[in-house]
Amino acid sequence: MTLINNIKLPEVINIGAVPYKVSYPYIFEANITKDIGLHCPYISEIRISAVGENGIPICKQTVYETLLHEIIHAADYIYCGGILEEDLVGKLGFSLFQLISENNFTHGNNRLKNIKVGAFNFTIKNDCIFTNNDIVTYWDSMVDTISIAGSVDGYTISPEFMSMMIFTTVARIMCDLYKIDLPKLNEEMDEKEVLYKILFNGLYNTLTVNNLFNFFYKGNYNERYV
Ligand SMILES: [Zn+2]
């Protein structure tokens, strides 16, 4: 771990089978770029600056959000082939940062009953029985309830699978609420839904194997984002 301004970032983040080096603090050349974060796919490196323009130190919240932003770039590159435009990664980064810093999605935590998505509070019901076995999640934003099957075909869903379903479902709802529209791979709507699944399952895997749900969750560290 590197320590500067009380900010510690992981030195390596495994994304799929690729170990990414996290370079922090990275010194960007001010006359070349105003970036404070960069994803370098060909050398498997994420670069984060500790200072913004004029050399002013960047607050923890922005450093953390920047790290998540670059992780999304990397997950897009590894799992989806790098198809997301910068403004989309920006929107995803800001909204996912709120989601995972304010809700404890830690792997295996299937006891979440309420989830904050922006200004909305959703109630999770994860013991539902659907008559159609193809449906395992359902949400109704008019009543702010997310329904998830507790079992499929008589098999009880494992806590780990449940926690992944909760995260990916909530992330998908978040995209609806904030109009975060992933690109269409072709004219089939189903393809787009598959892309949401690939991206969010990939992000769930990344956040889990690197213990980053714990890292980003501010309930673990009262003063973390001060
Ligand atoms: Zn970016």
# chains A, B, ... in the order shown; residues from 1 in each chain; ligands from 1
>>> select_by_dssp(residues="range 58-143 of chain A", states="strand (DSSP E or B)", output="list in words")
Asn114, Ile115, Lys116, Val117, Phe120, Asn121, Phe122, Thr123, Ile124, Lys125, Asn126, Asp127, Cys128, Thr137, Tyr138, Trp139 and Asp140 of chain A
>>> write_last_selection(atoms="C-alpha atoms", output="PDB file, in the first residue's frame")
ATOM      1  CA  ASN A 114     -32.881  -1.691   1.831  1.00  0.00           C
ATOM      2  CA  ILE A 115     -30.722  -0.185  -0.854  1.00  0.00           C
ATOM      3  CA  LYS A 116     -30.150   3.480  -1.582  1.00  0.00           C
ATOM      4  CA  VAL A 117     -29.944   4.337  -5.267  1.00  0.00           C
ATOM      5  CA  PHE A 120     -34.386   6.464  -3.857  1.00  0.00           C
ATOM      6  CA  ASN A 121     -34.756   3.737  -1.263  1.00  0.00           C
ATOM      7  CA  PHE A 122     -35.528   0.268  -2.564  1.00  0.00           C
ATOM      8  CA  THR A 123     -36.825  -2.587  -0.461  1.00  0.00           C
ATOM      9  CA  ILE A 124     -35.365  -5.998  -1.336  1.00  0.00           C
ATOM     10  CA  LYS A 125     -37.560  -9.072  -1.175  1.00  0.00           C
ATOM     11  CA  ASN A 126     -35.316 -12.063  -1.856  1.00  0.00           C
ATOM     12  CA  ASP A 127     -37.590 -14.938  -0.953  1.00  0.00           C
ATOM     13  CA  CYS A 128     -40.020 -14.569  -3.841  1.00  0.00           C
ATOM     14  CA  THR A 137     -35.578 -10.764 -10.560  1.00  0.00           C
ATOM     15  CA  TYR A 138     -38.293  -8.172 -10.972  1.00  0.00           C
ATOM     16  CA  TRP A 139     -38.557  -4.543  -9.978  1.00  0.00           C
ATOM     17  CA  ASP A 140     -41.248  -1.977  -9.907  1.00  0.00           C
TER      18      ASP A 140
END
>>> residues_near_ligand(ligand="ligand 1", cutoff="8 Å", atoms="only C-alpha atoms and all ligand atoms", output="list in words")
Gly37, Leu38, His39, His69, Glu70, His73, Glu86, Asp87, Val89 and Gly90 of chain A
>>> write_last_selection(atoms="N, CA and C atoms", output="PDB file, in the first residue's frame")
ATOM      1  N   GLY A  37      -6.780  10.607 -13.760  1.00  0.00           N
ATOM      2  CA  GLY A  37      -6.759   9.149 -13.773  1.00  0.00           C
ATOM      3  C   GLY A  37      -6.617   8.670 -15.205  1.00  0.00           C
ATOM      4  N   LEU A  38      -5.996   7.504 -15.368  1.00  0.00           N
ATOM      5  CA  LEU A  38      -5.815   6.963 -16.713  1.00  0.00           C
ATOM      6  C   LEU A  38      -5.790   5.441 -16.664  1.00  0.00           C
ATOM      7  N   HIS A  39      -6.487   4.828 -17.644  1.00  0.00           N
ATOM      8  CA  HIS A  39      -6.445   3.377 -17.793  1.00  0.00           C
ATOM      9  C   HIS A  39      -5.551   3.066 -18.977  1.00  0.00           C
ATOM     10  N   HIS A  69     -13.714   4.738 -11.502  1.00  0.00           N
ATOM     11  CA  HIS A  69     -13.863   5.101 -12.920  1.00  0.00           C
ATOM     12  C   HIS A  69     -12.871   4.306 -13.780  1.00  0.00           C
ATOM     13  N   GLU A  70     -11.614   4.239 -13.349  1.00  0.00           N
ATOM     14  CA  GLU A  70     -10.597   3.533 -14.143  1.00  0.00           C
ATOM     15  C   GLU A  70     -10.835   2.019 -14.102  1.00  0.00           C
ATOM     16  N   HIS A  73     -13.323   1.348 -16.773  1.00  0.00           N
ATOM     17  CA  HIS A  73     -12.647   1.297 -18.075  1.00  0.00           C
ATOM     18  C   HIS A  73     -11.994  -0.071 -18.282  1.00  0.00           C
ATOM     19  N   GLU A  86     -16.366   7.526 -23.283  1.00  0.00           N
ATOM     20  CA  GLU A  86     -15.915   8.189 -22.052  1.00  0.00           C
ATOM     21  C   GLU A  86     -17.084   8.753 -21.220  1.00  0.00           C
ATOM     22  N   ASP A  87     -18.045   9.402 -21.876  1.00  0.00           N
ATOM     23  CA  ASP A  87     -19.121  10.025 -21.082  1.00  0.00           C
ATOM     24  C   ASP A  87     -19.975   8.971 -20.380  1.00  0.00           C
ATOM     25  N   VAL A  89     -18.811   5.988 -19.295  1.00  0.00           N
ATOM     26  CA  VAL A  89     -18.006   5.531 -18.154  1.00  0.00           C
ATOM     27  C   VAL A  89     -18.084   6.574 -17.032  1.00  0.00           C
ATOM     28  N   GLY A  90     -18.108   7.847 -17.405  1.00  0.00           N
ATOM     29  CA  GLY A  90     -18.246   8.910 -16.411  1.00  0.00           C
ATOM     30  C   GLY A  90     -19.544   8.780 -15.628  1.00  0.00           C
TER      31      GLY A  90
END
>>> residues_around(residues="Gly202 in chain A", least_positions_apart="6", cutoff="10 Å", atoms="only C-alpha atoms", output="ChimeraX atom specification")
/A:15-16,72,75-76,78-80,168,196,208
>>> atom_distance(atom1="CA of Leu212 in chain A", atom2="CA of Asn104 in chain A")
10.6 Å
>>> closest_residue(among="A:Thr145, A:Ser158, A:Asn14, A:Thr131", to="Asn211 in chain A", atoms="only C-alpha atoms")
A:Asn14
>>> residues_around(residues="range 47-54 of chain A", least_positions_apart="4", cutoff="10 Å", atoms="only C-alpha atoms", output="PyMOL selection string")
chain A and resi 4-5+7+9+21-28+30+33-40+58-60+62-64+66-67+70
>>> write_last_selection(atoms="N, CA and C atoms", output="PDB file, in the first residue's frame")
ATOM      1  N   ILE A   4      -0.393   8.448   0.975  1.00  0.00           N
ATOM      2  CA  ILE A   4      -0.162   9.888   0.797  1.00  0.00           C
ATOM      3  C   ILE A   4      -1.466  10.582   1.168  1.00  0.00           C
ATOM      4  N   ASN A   5      -1.358  11.659   1.920  1.00  0.00           N
ATOM      5  CA  ASN A   5      -2.552  12.359   2.416  1.00  0.00           C
ATOM      6  C   ASN A   5      -3.554  11.400   3.044  1.00  0.00           C
ATOM      7  N   ILE A   7      -4.311   8.575   2.133  1.00  0.00           N
ATOM      8  CA  ILE A   7      -5.044   7.782   1.156  1.00  0.00           C
ATOM      9  C   ILE A   7      -4.206   6.559   0.788  1.00  0.00           C
ATOM     10  N   LEU A   9      -4.272   3.166  -1.540  1.00  0.00           N
ATOM     11  CA  LEU A   9      -4.963   2.443  -2.613  1.00  0.00           C
ATOM     12  C   LEU A   9      -4.314   1.072  -2.770  1.00  0.00           C
ATOM     13  N   LYS A  21      -1.560  -3.052 -12.311  1.00  0.00           N
ATOM     14  CA  LYS A  21      -0.780  -2.283 -11.349  1.00  0.00           C
ATOM     15  C   LYS A  21      -1.493  -0.949 -11.127  1.00  0.00           C
ATOM     16  N   VAL A  22      -1.653  -0.549  -9.870  1.00  0.00           N
ATOM     17  CA  VAL A  22      -2.220   0.772  -9.584  1.00  0.00           C
ATOM     18  C   VAL A  22      -1.081   1.703  -9.213  1.00  0.00           C
ATOM     19  N   SER A  23      -0.814   2.691 -10.061  1.00  0.00           N
ATOM     20  CA  SER A  23       0.251   3.651  -9.781  1.00  0.00           C
ATOM     21  C   SER A  23      -0.343   4.880  -9.122  1.00  0.00           C
ATOM     22  N   TYR A  24      -0.061   5.015  -7.821  1.00  0.00           N
ATOM     23  CA  TYR A  24      -0.570   6.153  -7.067  1.00  0.00           C
ATOM     24  C   TYR A  24       0.445   6.537  -6.013  1.00  0.00           C
ATOM     25  N   PRO A  25       0.851   7.767  -5.898  1.00  0.00           N
ATOM     26  CA  PRO A  25       0.419   8.877  -6.764  1.00  0.00           C
ATOM     27  C   PRO A  25       1.207   8.888  -8.073  1.00  0.00           C
ATOM     28  N   TYR A  26       0.509   9.056  -9.173  1.00  0.00           N
ATOM     29  CA  TYR A  26       1.169   9.149 -10.470  1.00  0.00           C
ATOM     30  C   TYR A  26       1.278  10.628 -10.854  1.00  0.00           C
ATOM     31  N   ILE A  27       2.446  11.026 -11.348  1.00  0.00           N
ATOM     32  CA  ILE A  27       2.631  12.433 -11.737  1.00  0.00           C
ATOM     33  C   ILE A  27       2.318  12.573 -13.233  1.00  0.00           C
ATOM     34  N   PHE A  28       1.199  13.192 -13.535  1.00  0.00           N
ATOM     35  CA  PHE A  28       0.879  13.460 -14.948  1.00  0.00           C
ATOM     36  C   PHE A  28       1.573  14.745 -15.384  1.00  0.00           C
ATOM     37  N   ALA A  30       1.490  18.116 -16.665  1.00  0.00           N
ATOM     38  CA  ALA A  30       0.375  19.062 -16.702  1.00  0.00           C
ATOM     39  C   ALA A  30       0.179  19.688 -18.077  1.00  0.00           C
ATOM     40  N   THR A  33      -1.737  16.751 -20.309  1.00  0.00           N
ATOM     41  CA  THR A  33      -3.074  16.262 -19.988  1.00  0.00           C
ATOM     42  C   THR A  33      -3.582  16.897 -18.697  1.00  0.00           C
ATOM     43  N   LYS A  34      -4.908  17.032 -18.618  1.00  0.00           N
ATOM     44  CA  LYS A  34      -5.514  17.484 -17.364  1.00  0.00           C
ATOM     45  C   LYS A  34      -6.102  16.287 -16.617  1.00  0.00           C
ATOM     46  N   ASP A  35      -5.792  15.079 -17.094  1.00  0.00           N
ATOM     47  CA  ASP A  35      -6.323  13.872 -16.451  1.00  0.00           C
ATOM     48  C   ASP A  35      -5.842  13.752 -15.015  1.00  0.00           C
ATOM     49  N   ILE A  36      -6.703  13.207 -14.175  1.00  0.00           N
ATOM     50  CA  ILE A  36      -6.239  12.801 -12.839  1.00  0.00           C
ATOM     51  C   ILE A  36      -6.263  11.286 -12.727  1.00  0.00           C
ATOM     52  N   GLY A  37      -6.780  10.607 -13.760  1.00  0.00           N
ATOM     53  CA  GLY A  37      -6.759   9.149 -13.773  1.00  0.00           C
ATOM     54  C   GLY A  37      -6.617   8.670 -15.205  1.00  0.00           C
ATOM     55  N   LEU A  38      -5.996   7.504 -15.368  1.00  0.00           N
ATOM     56  CA  LEU A  38      -5.815   6.963 -16.713  1.00  0.00           C
ATOM     57  C   LEU A  38      -5.790   5.441 -16.664  1.00  0.00           C
ATOM     58  N   HIS A  39      -6.487   4.828 -17.644  1.00  0.00           N
ATOM     59  CA  HIS A  39      -6.445   3.377 -17.793  1.00  0.00           C
ATOM     60  C   HIS A  39      -5.551   3.066 -18.977  1.00  0.00           C
ATOM     61  N   CYS A  40      -4.473   2.311 -18.740  1.00  0.00           N
ATOM     62  CA  CYS A  40      -3.527   1.976 -19.808  1.00  0.00           C
ATOM     63  C   CYS A  40      -3.643   0.476 -20.089  1.00  0.00           C
ATOM     64  N   ILE A  58      -5.965  16.349  -4.244  1.00  0.00           N
ATOM     65  CA  ILE A  58      -7.322  15.894  -4.541  1.00  0.00           C
ATOM     66  C   ILE A  58      -7.896  15.234  -3.292  1.00  0.00           C
ATOM     67  N   CYS A  59      -9.168  15.521  -2.976  1.00  0.00           N
ATOM     68  CA  CYS A  59      -9.775  14.951  -1.777  1.00  0.00           C
ATOM     69  C   CYS A  59      -9.974  13.441  -1.965  1.00  0.00           C
ATOM     70  N   LYS A  60     -10.069  12.739  -0.819  1.00  0.00           N
ATOM     71  CA  LYS A  60     -10.212  11.282  -0.840  1.00  0.00           C
ATOM     72  C   LYS A  60     -11.352  10.827  -1.731  1.00  0.00           C
ATOM     73  N   THR A  62     -12.715  12.069  -4.298  1.00  0.00           N
ATOM     74  CA  THR A  62     -12.425  12.143  -5.733  1.00  0.00           C
ATOM     75  C   THR A  62     -11.387  11.096  -6.141  1.00  0.00           C
ATOM     76  N   VAL A  63     -10.402  10.849  -5.292  1.00  0.00           N
ATOM     77  CA  VAL A  63      -9.409   9.809  -5.600  1.00  0.00           C
ATOM     78  C   VAL A  63     -10.105   8.451  -5.705  1.00  0.00           C
ATOM     79  N   TYR A  64     -10.987   8.161  -4.749  1.00  0.00           N
ATOM     80  CA  TYR A  64     -11.704   6.877  -4.756  1.00  0.00           C
ATOM     81  C   TYR A  64     -12.598   6.760  -5.980  1.00  0.00           C
ATOM     82  N   THR A  66     -12.259   8.282  -8.761  1.00  0.00           N
ATOM     83  CA  THR A  66     -11.402   8.152  -9.950  1.00  0.00           C
ATOM     84  C   THR A  66     -10.917   6.710 -10.100  1.00  0.00           C
ATOM     85  N   LEU A  67     -10.545   6.082  -8.980  1.00  0.00           N
ATOM     86  CA  LEU A  67     -10.120   4.678  -9.044  1.00  0.00           C
ATOM     87  C   LEU A  67     -11.253   3.811  -9.597  1.00  0.00           C
ATOM     88  N   GLU A  70     -11.614   4.239 -13.349  1.00  0.00           N
ATOM     89  CA  GLU A  70     -10.597   3.533 -14.143  1.00  0.00           C
ATOM     90  C   GLU A  70     -10.835   2.019 -14.102  1.00  0.00           C
TER      91      GLU A  70
END
>>> select_by_dssp(residues="range 78-111 of chain A", states="helix (DSSP H, G or I)", output="PyMOL selection string")
chain A and resi 78-80+86-102
>>> atom_distance(atom1="CA of Phe94 in chain A", atom2="CA of Asn186 in chain A")
27.0 Å
>>> closest_residue(among="A:Pro19, A:Tyr217, A:Val152, A:Glu193", to="Gln61 in chain A", atoms="only C-alpha atoms")
A:Tyr217
>>> residues_around(residues="His107 in chain A", least_positions_apart="4", cutoff="8 Å", atoms="only C-alpha atoms", output="PDB file with C-alpha atoms, in the first residue's frame")
ATOM      1  CA  GLU A 160     -23.059 -15.825  -2.986  1.00  0.00           C
ATOM      2  CA  SER A 163     -25.499 -11.236  -3.435  1.00  0.00           C
ATOM      3  CA  MET A 164     -24.368 -11.112  -7.071  1.00  0.00           C
ATOM      4  CA  THR A 208     -15.354  -9.167  -4.935  1.00  0.00           C
ATOM      5  CA  PHE A 213     -16.836  -3.645  -1.867  1.00  0.00           C
TER       6      PHE A 213
END
>>> residues_around(residues="Phe200 in chain A", least_positions_apart="3", cutoff="9 Å", atoms="only C-alpha atoms", output="number ranges by chain")
A: 167-169, 171-172, 195-197, 203-205
